[in-house]
$ cat coords-v1.txt   # compact mmCIF, C-alpha atoms
# COMPACT_ATOMS: atom_id res chain seq x y z
CA MET T 1 -216.73 -19.25 -79.72
CA ILE T 2 -217.29 -15.72 -81.09
CA LYS T 3 -214.30 -13.56 -81.99
CA THR T 4 -214.39 -9.95 -83.15
CA LEU T 5 -212.46 -9.39 -86.37
CA TRP T 6 -211.77 -5.94 -87.80
CA ILE T 7 -211.72 -5.61 -91.59
CA LYS T 8 -211.07 -2.53 -93.73
CA GLN T 9 -214.28 -1.14 -95.22
CA PRO T 10 -213.68 -1.94 -98.92
CA TYR T 11 -213.00 -5.58 -98.07
CA LEU T 12 -215.95 -5.70 -95.66
CA ASP T 13 -218.19 -4.38 -98.43
CA HIS T 14 -217.05 -7.26 -100.66
CA ILE T 15 -217.83 -9.76 -97.88
CA LEU T 16 -221.31 -8.36 -97.32
CA ALA T 17 -221.96 -8.44 -101.08
CA GLY T 18 -220.90 -12.09 -101.22
CA ARG T 19 -217.90 -11.41 -103.48
CA LYS T 20 -215.22 -12.04 -100.85
CA THR T 21 -215.55 -15.33 -98.97
CA ILE T 22 -211.99 -15.83 -97.71
CA GLU T 23 -210.24 -13.66 -95.14
CA VAL T 24 -206.47 -14.04 -94.83
CA ARG T 25 -204.54 -13.68 -91.59
CA VAL T 26 -201.19 -14.86 -90.27
CA GLY T 27 -200.73 -17.40 -87.52
CA TYR T 28 -201.05 -15.32 -84.39
CA PRO T 29 -202.02 -17.52 -81.42
CA ASN T 30 -205.60 -16.16 -81.35
CA ILE T 31 -206.01 -16.96 -85.06
CA ARG T 32 -204.51 -20.44 -84.75
CA ARG T 33 -207.05 -21.25 -82.05
CA LEU T 34 -209.98 -20.70 -84.44
CA ARG T 35 -211.87 -23.76 -85.63
CA PRO T 36 -214.51 -24.39 -88.32
CA GLY T 37 -217.90 -23.54 -86.83
CA ASP T 38 -216.55 -20.67 -84.70
CA GLN T 39 -218.33 -17.38 -85.25
CA LEU T 40 -216.77 -14.05 -86.20
CA LEU T 41 -218.28 -10.66 -85.41
CA LEU T 42 -216.97 -8.50 -88.24
CA ASN T 43 -216.35 -4.90 -87.15
CA ASP T 44 -218.58 -5.51 -84.11
CA GLN T 45 -221.67 -5.66 -86.35
CA HIS T 46 -221.89 -8.57 -88.78
CA LEU T 47 -222.02 -12.17 -87.56
CA PHE T 48 -220.30 -14.72 -89.78
CA ALA T 49 -219.27 -18.35 -89.28
CA ILE T 50 -216.03 -20.05 -90.24
CA ARG T 51 -216.83 -22.76 -92.77
CA ARG T 52 -213.28 -23.96 -93.46
CA ILE T 53 -209.72 -23.13 -92.48
CA GLY T 54 -206.72 -23.50 -94.79
CA ARG T 55 -203.22 -23.34 -93.32
CA TYR T 56 -200.19 -22.55 -95.45
CA LYS T 57 -196.47 -21.89 -95.05
CA SER T 58 -196.36 -18.79 -97.25
CA PHE T 59 -198.50 -16.39 -99.27
CA GLU T 60 -197.33 -18.10 -102.47
CA GLU T 61 -198.59 -21.45 -101.17
CA LEU T 62 -201.88 -19.77 -100.20
CA LEU T 63 -202.42 -18.33 -103.66
CA ALA T 64 -201.56 -21.64 -105.31
CA ALA T 65 -204.31 -23.38 -103.31
CA GLU T 66 -207.03 -20.73 -102.88
CA ASP T 67 -208.90 -18.71 -105.50
CA PRO T 68 -207.49 -15.14 -105.32
CA ALA T 69 -210.85 -13.77 -106.53
CA HIS T 70 -212.43 -15.00 -103.30
CA ILE T 71 -209.82 -13.10 -101.25
CA ALA T 72 -209.64 -9.77 -103.09
CA PRO T 73 -212.07 -9.63 -106.04
CA ASP T 74 -210.57 -6.47 -107.60
CA LEU T 75 -206.90 -7.51 -107.51
CA SER T 76 -204.88 -9.77 -109.77
CA PRO T 77 -202.91 -12.57 -108.04
CA GLU T 78 -199.73 -10.53 -108.41
CA GLU T 79 -201.34 -7.43 -106.92
CA LEU T 80 -202.82 -9.49 -104.09
CA LEU T 81 -199.43 -10.99 -103.24
CA GLU T 82 -197.92 -7.50 -103.14
CA ALA T 83 -200.78 -6.21 -100.96
CA LEU T 84 -200.41 -9.07 -98.48
CA ARG T 85 -196.68 -8.47 -98.19
CA GLU T 86 -197.31 -4.79 -97.53
CA ILE T 87 -199.57 -5.70 -94.62
CA TYR T 88 -197.48 -8.54 -93.21
CA PRO T 89 -193.65 -8.30 -93.24
CA PRO T 90 -191.56 -11.51 -93.58
CA GLU T 91 -191.37 -12.17 -89.84
CA LYS T 92 -195.19 -12.17 -89.68
CA GLU T 93 -195.56 -14.36 -92.77
CA ALA T 94 -193.16 -16.82 -91.08
CA LEU T 95 -195.84 -17.44 -88.42
CA GLY T 96 -197.84 -19.25 -91.10
CA VAL T 97 -200.70 -18.09 -93.30
CA VAL T 98 -204.33 -18.82 -92.41
CA ALA T 99 -207.24 -18.65 -94.86
CA LEU T 100 -210.64 -18.34 -93.18
CA GLU T 101 -213.53 -19.29 -95.46
CA ILE T 102 -216.57 -17.57 -93.99
CA GLU T 103 -220.32 -17.44 -94.53
CA PRO T 104 -223.20 -15.54 -92.89
CA ALA T 105 -223.93 -17.19 -89.56
CA SER T 106 -227.63 -17.38 -90.36
CA GLN T 107 -226.94 -20.09 -92.92
CA PRO T 108 -227.11 -23.57 -91.35
CA ARG T 109 -223.79 -25.41 -91.42
CA GLU T 110 -223.58 -29.09 -92.18
CA PRO T 111 -221.50 -31.07 -89.64
CA ASN T 112 -217.88 -31.47 -90.66
CA VAL T 113 -217.28 -35.24 -90.69
CA VAL T 114 -213.62 -36.19 -91.15
CA PHE T 115 -212.83 -39.72 -92.32
CA PHE T 116 -209.31 -40.74 -91.37
CA ASP T 117 -206.72 -43.49 -91.79
CA LEU T 118 -202.95 -43.74 -91.42
CA GLU T 119 -200.09 -46.08 -92.22
CA THR T 120 -196.93 -46.73 -90.20
CA GLN T 121 -193.20 -46.93 -90.74
CA ARG T 122 -192.66 -50.08 -88.68
CA SER T 123 -194.42 -53.35 -87.86
CA PHE T 124 -195.51 -54.64 -84.44
CA GLN T 125 -192.67 -57.17 -84.51
CA GLU T 126 -190.11 -54.41 -85.00
CA VAL T 127 -191.27 -52.40 -81.97
CA GLY T 128 -191.74 -55.30 -79.55
CA GLY T 129 -195.47 -55.86 -79.79
CA ARG T 130 -198.84 -54.15 -79.69
CA HIS T 131 -198.14 -52.44 -76.37
CA ASN T 132 -195.62 -50.20 -78.19
CA ILE T 133 -197.95 -48.75 -80.82
CA PRO T 134 -196.66 -45.14 -80.44
CA ARG T 135 -193.24 -46.40 -81.59
CA LEU T 136 -194.62 -47.55 -84.96
CA GLY T 137 -194.20 -44.06 -86.43
CA LEU T 138 -196.46 -42.34 -88.96
CA SER T 139 -195.58 -42.86 -92.62
CA VAL T 140 -198.64 -41.25 -94.22
CA ALA T 141 -202.17 -40.28 -93.28
CA VAL T 142 -205.17 -39.35 -95.41
CA THR T 143 -208.39 -37.60 -94.42
CA TYR T 144 -211.59 -36.75 -96.25
CA SER T 145 -213.53 -33.77 -94.94
CA THR T 146 -217.19 -33.20 -95.73
CA ALA T 147 -216.60 -29.48 -95.09
CA ASP T 148 -214.71 -29.08 -98.36
CA GLY T 149 -215.31 -32.45 -100.07
CA GLN T 150 -211.58 -33.04 -100.51
CA TYR T 151 -208.89 -35.51 -99.49
CA HIS T 152 -205.98 -34.17 -97.44
CA TYR T 153 -202.57 -35.84 -97.32
CA TYR T 154 -200.10 -35.87 -94.43
CA THR T 155 -196.67 -37.16 -93.44
CA GLU T 156 -194.59 -36.69 -90.29
CA GLU T 157 -193.59 -33.24 -91.57
CA ASN T 158 -197.12 -31.84 -91.28
CA VAL T 159 -198.59 -34.18 -88.66
CA ALA T 160 -199.43 -31.13 -86.53
CA ASP T 161 -201.84 -30.00 -89.28
CA LEU T 162 -203.43 -33.46 -89.28
CA ILE T 163 -204.06 -33.25 -85.56
CA GLU T 164 -205.56 -29.78 -85.94
CA GLU T 165 -207.93 -31.08 -88.64
CA LEU T 166 -209.06 -33.90 -86.38
CA LYS T 167 -209.60 -31.49 -83.48
CA ALA T 168 -211.70 -29.23 -85.71
CA ALA T 169 -214.04 -32.03 -86.85
CA ASP T 170 -217.59 -32.37 -85.59
CA LEU T 171 -217.08 -36.13 -85.94
CA VAL T 172 -214.04 -38.27 -86.78
CA VAL T 173 -214.86 -41.57 -88.47
CA GLY T 174 -212.42 -44.41 -88.99
CA PHE T 175 -211.72 -48.07 -88.47
CA ASN T 176 -209.82 -49.10 -85.31
CA LEU T 177 -209.12 -45.47 -84.45
CA LEU T 178 -209.26 -45.88 -80.68
CA ARG T 179 -206.93 -48.86 -80.37
CA PHE T 180 -204.54 -48.04 -83.23
CA ASP T 181 -204.58 -44.74 -85.16
CA TYR T 182 -204.95 -42.50 -82.11
CA GLU T 183 -202.29 -44.55 -80.33
CA VAL T 184 -199.84 -44.00 -83.22
CA LEU T 185 -200.49 -40.25 -83.00
CA ARG T 186 -199.73 -40.20 -79.26
CA ALA T 187 -196.07 -40.00 -80.30
CA TYR T 188 -196.77 -36.59 -81.84
CA THR T 189 -199.17 -34.86 -79.45
CA ASP T 190 -200.16 -34.64 -75.79
CA TYR T 191 -203.74 -33.82 -76.79
CA PRO T 192 -206.18 -36.51 -75.56
CA LEU T 193 -207.45 -37.64 -78.96
CA ARG T 194 -209.86 -40.13 -77.39
CA ARG T 195 -211.90 -37.14 -76.23
CA LEU T 196 -212.67 -36.17 -79.81
CA PRO T 197 -216.18 -36.97 -81.08
CA THR T 198 -215.34 -40.28 -82.73
CA LEU T 199 -217.09 -43.12 -84.48
CA ASP T 200 -214.73 -46.07 -84.53
CA ILE T 201 -216.61 -48.50 -86.78
CA MET T 202 -214.60 -51.52 -85.59
CA ASP T 203 -215.24 -50.68 -81.94
CA ASP T 204 -218.92 -49.94 -82.53
CA LEU T 205 -219.51 -53.30 -84.23
CA TYR T 206 -217.42 -55.15 -81.62
CA ARG T 207 -219.71 -53.82 -78.89
CA ARG T 208 -222.73 -55.02 -80.86
CA LEU T 209 -221.38 -58.45 -81.89
CA GLY T 210 -218.81 -59.39 -79.25
CA PHE T 211 -216.14 -60.10 -81.89
CA ARG T 212 -214.10 -58.01 -84.29
CA LEU T 213 -214.50 -57.78 -88.05
CA SER T 214 -211.98 -56.47 -90.56
CA LEU T 215 -212.67 -53.54 -92.84
CA ASP T 216 -212.13 -55.87 -95.78
CA ALA T 217 -214.79 -58.30 -94.53
CA LEU T 218 -217.36 -55.56 -94.04
CA ALA T 219 -216.59 -53.79 -97.29
CA GLY T 220 -216.76 -57.03 -99.26
CA ALA T 221 -220.13 -58.09 -97.87
CA THR T 222 -221.68 -54.61 -97.74
CA LEU T 223 -220.21 -52.80 -100.74
CA GLY T 224 -218.66 -55.51 -102.89
CA ALA T 225 -215.30 -53.76 -102.44
CA THR T 226 -211.95 -55.17 -101.31
CA LYS T 227 -208.64 -53.76 -100.12
CA SER T 228 -205.81 -53.51 -102.64
CA ALA T 229 -202.99 -54.38 -100.20
CA ASP T 230 -202.24 -54.70 -96.48
CA GLY T 231 -200.29 -52.96 -93.73
CA LEU T 232 -197.07 -54.90 -94.32
CA GLN T 233 -197.12 -54.01 -98.01
CA ALA T 234 -197.63 -50.38 -97.00
CA ILE T 235 -194.49 -50.55 -94.83
CA ARG T 236 -192.52 -51.95 -97.77
CA TRP T 237 -193.74 -49.12 -100.00
CA TRP T 238 -192.64 -46.62 -97.34
CA ARG T 239 -189.13 -48.07 -97.20
CA GLN T 240 -188.90 -48.14 -100.99
CA GLY T 241 -189.98 -44.50 -101.21
CA ARG T 242 -193.06 -45.41 -103.28
CA MET T 243 -195.12 -42.61 -101.78
CA GLU T 244 -197.66 -42.32 -104.58
CA GLU T 245 -198.71 -45.96 -104.16
CA LEU T 246 -198.69 -45.60 -100.37
CA PHE T 247 -200.90 -42.51 -100.41
CA GLU T 248 -203.30 -44.15 -102.88
CA TYR T 249 -203.60 -47.26 -100.71
CA CYS T 250 -204.35 -45.14 -97.65
CA ARG T 251 -206.76 -42.93 -99.61
CA ARG T 252 -208.62 -46.01 -100.82
CA ASP T 253 -209.10 -47.20 -97.23
CA VAL T 254 -210.52 -43.79 -96.33
CA GLU T 255 -212.86 -43.96 -99.33
CA VAL T 256 -214.09 -47.43 -98.37
CA THR T 257 -214.58 -46.34 -94.75
CA ARG T 258 -216.63 -43.36 -95.92
CA GLN T 259 -218.76 -45.52 -98.23
CA LEU T 260 -219.36 -48.03 -95.44
CA TYR T 261 -220.37 -45.26 -93.04
CA GLU T 262 -222.70 -43.68 -95.59
CA PHE T 263 -224.30 -47.06 -96.38
CA GLY T 264 -224.86 -47.77 -92.69
CA ARG T 265 -226.20 -44.29 -92.02
CA LYS T 266 -228.66 -44.53 -94.91
CA ASN T 267 -229.75 -48.16 -94.55
CA LYS T 268 -229.31 -48.61 -90.77
CA TYR T 269 -227.27 -51.81 -91.19
CA VAL T 270 -223.99 -53.18 -92.57
CA GLN T 271 -223.14 -56.75 -93.58
CA TYR T 272 -220.53 -59.44 -93.09
CA ARG T 273 -220.20 -63.13 -93.97
CA ASP T 274 -220.19 -65.74 -91.23
CA LYS T 275 -218.02 -68.87 -91.16
CA ARG T 276 -220.47 -70.60 -93.47
CA TRP T 277 -220.24 -67.70 -95.92
CA ARG T 278 -223.78 -66.57 -95.19
CA ILE T 279 -224.56 -62.87 -95.28
CA ARG T 280 -225.35 -61.43 -91.84
CA LYS T 281 -226.79 -57.98 -91.23
CA VAL T 282 -225.72 -55.86 -88.27
CA PRO T 283 -228.07 -53.02 -87.26
CA VAL T 284 -226.28 -49.69 -86.76
CA ASN T 285 -227.35 -46.25 -85.67
CA TRP T 286 -224.81 -43.87 -87.18
$ encode --input "coords-v1.txt" --output "structure tokens"
Amino acid sequence: MIKTLWIKQPYLDHILAGRKTIEVRVGYPNIRRLRPGDQLLLNDQHLFAIRRIGRYKSFEELLAAEDPAHIAPDLSPEELLEALREIYPPEKEALGVVALEIEPASQPREPNVVFFDLETQRSFQEVGGRHNIPRLGLSVAVTYSTADGQYHYYTEENVADLIEELKAADLVVGFNLLRFDYEVLRAYTDYPLRRLPTLDIMDDLYRRLGFRLSLDALAGATLGATKSADGLQAIRWWRQGRMEELFEYCRRDVEVTRQLYEFGRKNKYVQYRDKRWRIRKVPVNW
């Protein structure tokens, strides 16, 4: 997708000089449809690509998360906030604030791989079984994006932003995504998440082996790593309001999933232990 974007000349000059790398807009429908990797034709002349998109509720939240010098190199944060409010009145700011990190389109872009895991509010027993997965409810979710090298944290309040991040990924990697995580998210979106470019490690290995392995079993045999808790403990933390521990548990699962993926991608195999505790290698092509 290529969209024409018009930028005032002083700011365009900063972009072309490499001093300004973030363009700020509000959440008009055409801006909200943009995704990392889309191309922008600045002032009908200069082709740039969107490297990353940050979405914020207000200009203050934007300036707390983004480097103001990358938005307007000659303005202080206070001056930048004033300038943004002169351009966009409160009713426009209320649409949401979008930060577009851009780079010249001639520079090759690495694929944006998003590693993803979530935890739920309820157990299978409480919702009547595995056929009612959408009723489990999202407690927290964590992603890691290779586009910015950062973890991102979500709850029900910003689940729409989570879904947008997944939709923007070149590849979503997780463990039991197809049969569980995507099913949980069906309660929050009509978008067919199964159509996303996805590597479900559990599903991939099941198709190779004919039986399912746990993340803990693979991580232990391949990486020497183990999980710190389990899903039922995560539900208890949710009910006790222990969000820091819950987020850390989920983040750790994302980290282990990423390490397992990177090991398999580099070495072309992962490992598990059979019933006799012997190490078995599984060839993979990730």
$ residues_around --input "coords-v1.txt" --residues "Trp286 of chain T" --least-positions-apart "4" --cutoff "9 Å" --atoms "all atoms listed in the file" --output "PyMOL selection string"
chain T and resi 199+261-262+264-266+268
$ closest_residue --input "coords-v1.txt" --among "T:Leu246, T:Ala69, T:Ala49, T:Leu260" --to "Gly224 of chain T" --atoms "only C-alpha atoms"
T:Leu260
$ residues_around --input "coords-v1.txt" --residues "Gln150 of chain T" --least-positions-apart "5" --cutoff "12 Å" --atoms "only C-alpha atoms" --output "NGL selection string"
:T and (52 or 112-115 or 142-145 or 251 or 254-255)
$ atom_distance --input "coords-v1.txt" --atom1 "atom CA of Lys57 of chain T" --atom2 "atom CA of Asp161 of chain T"
11.3 Å
$ closest_residue --input "coords-v1.txt" --among "T:Val184, T:Glu79, T:Ile50, T:Leu5" --to "Ala147 of chain T" --atoms "only C-alpha atoms"
T:Ile50
$ atom_distance --input "coords-v1.txt" --atom1 "atom CA of His14 of chain T" --atom2 "atom CA of Gly149 of chain T"
25.3 Å
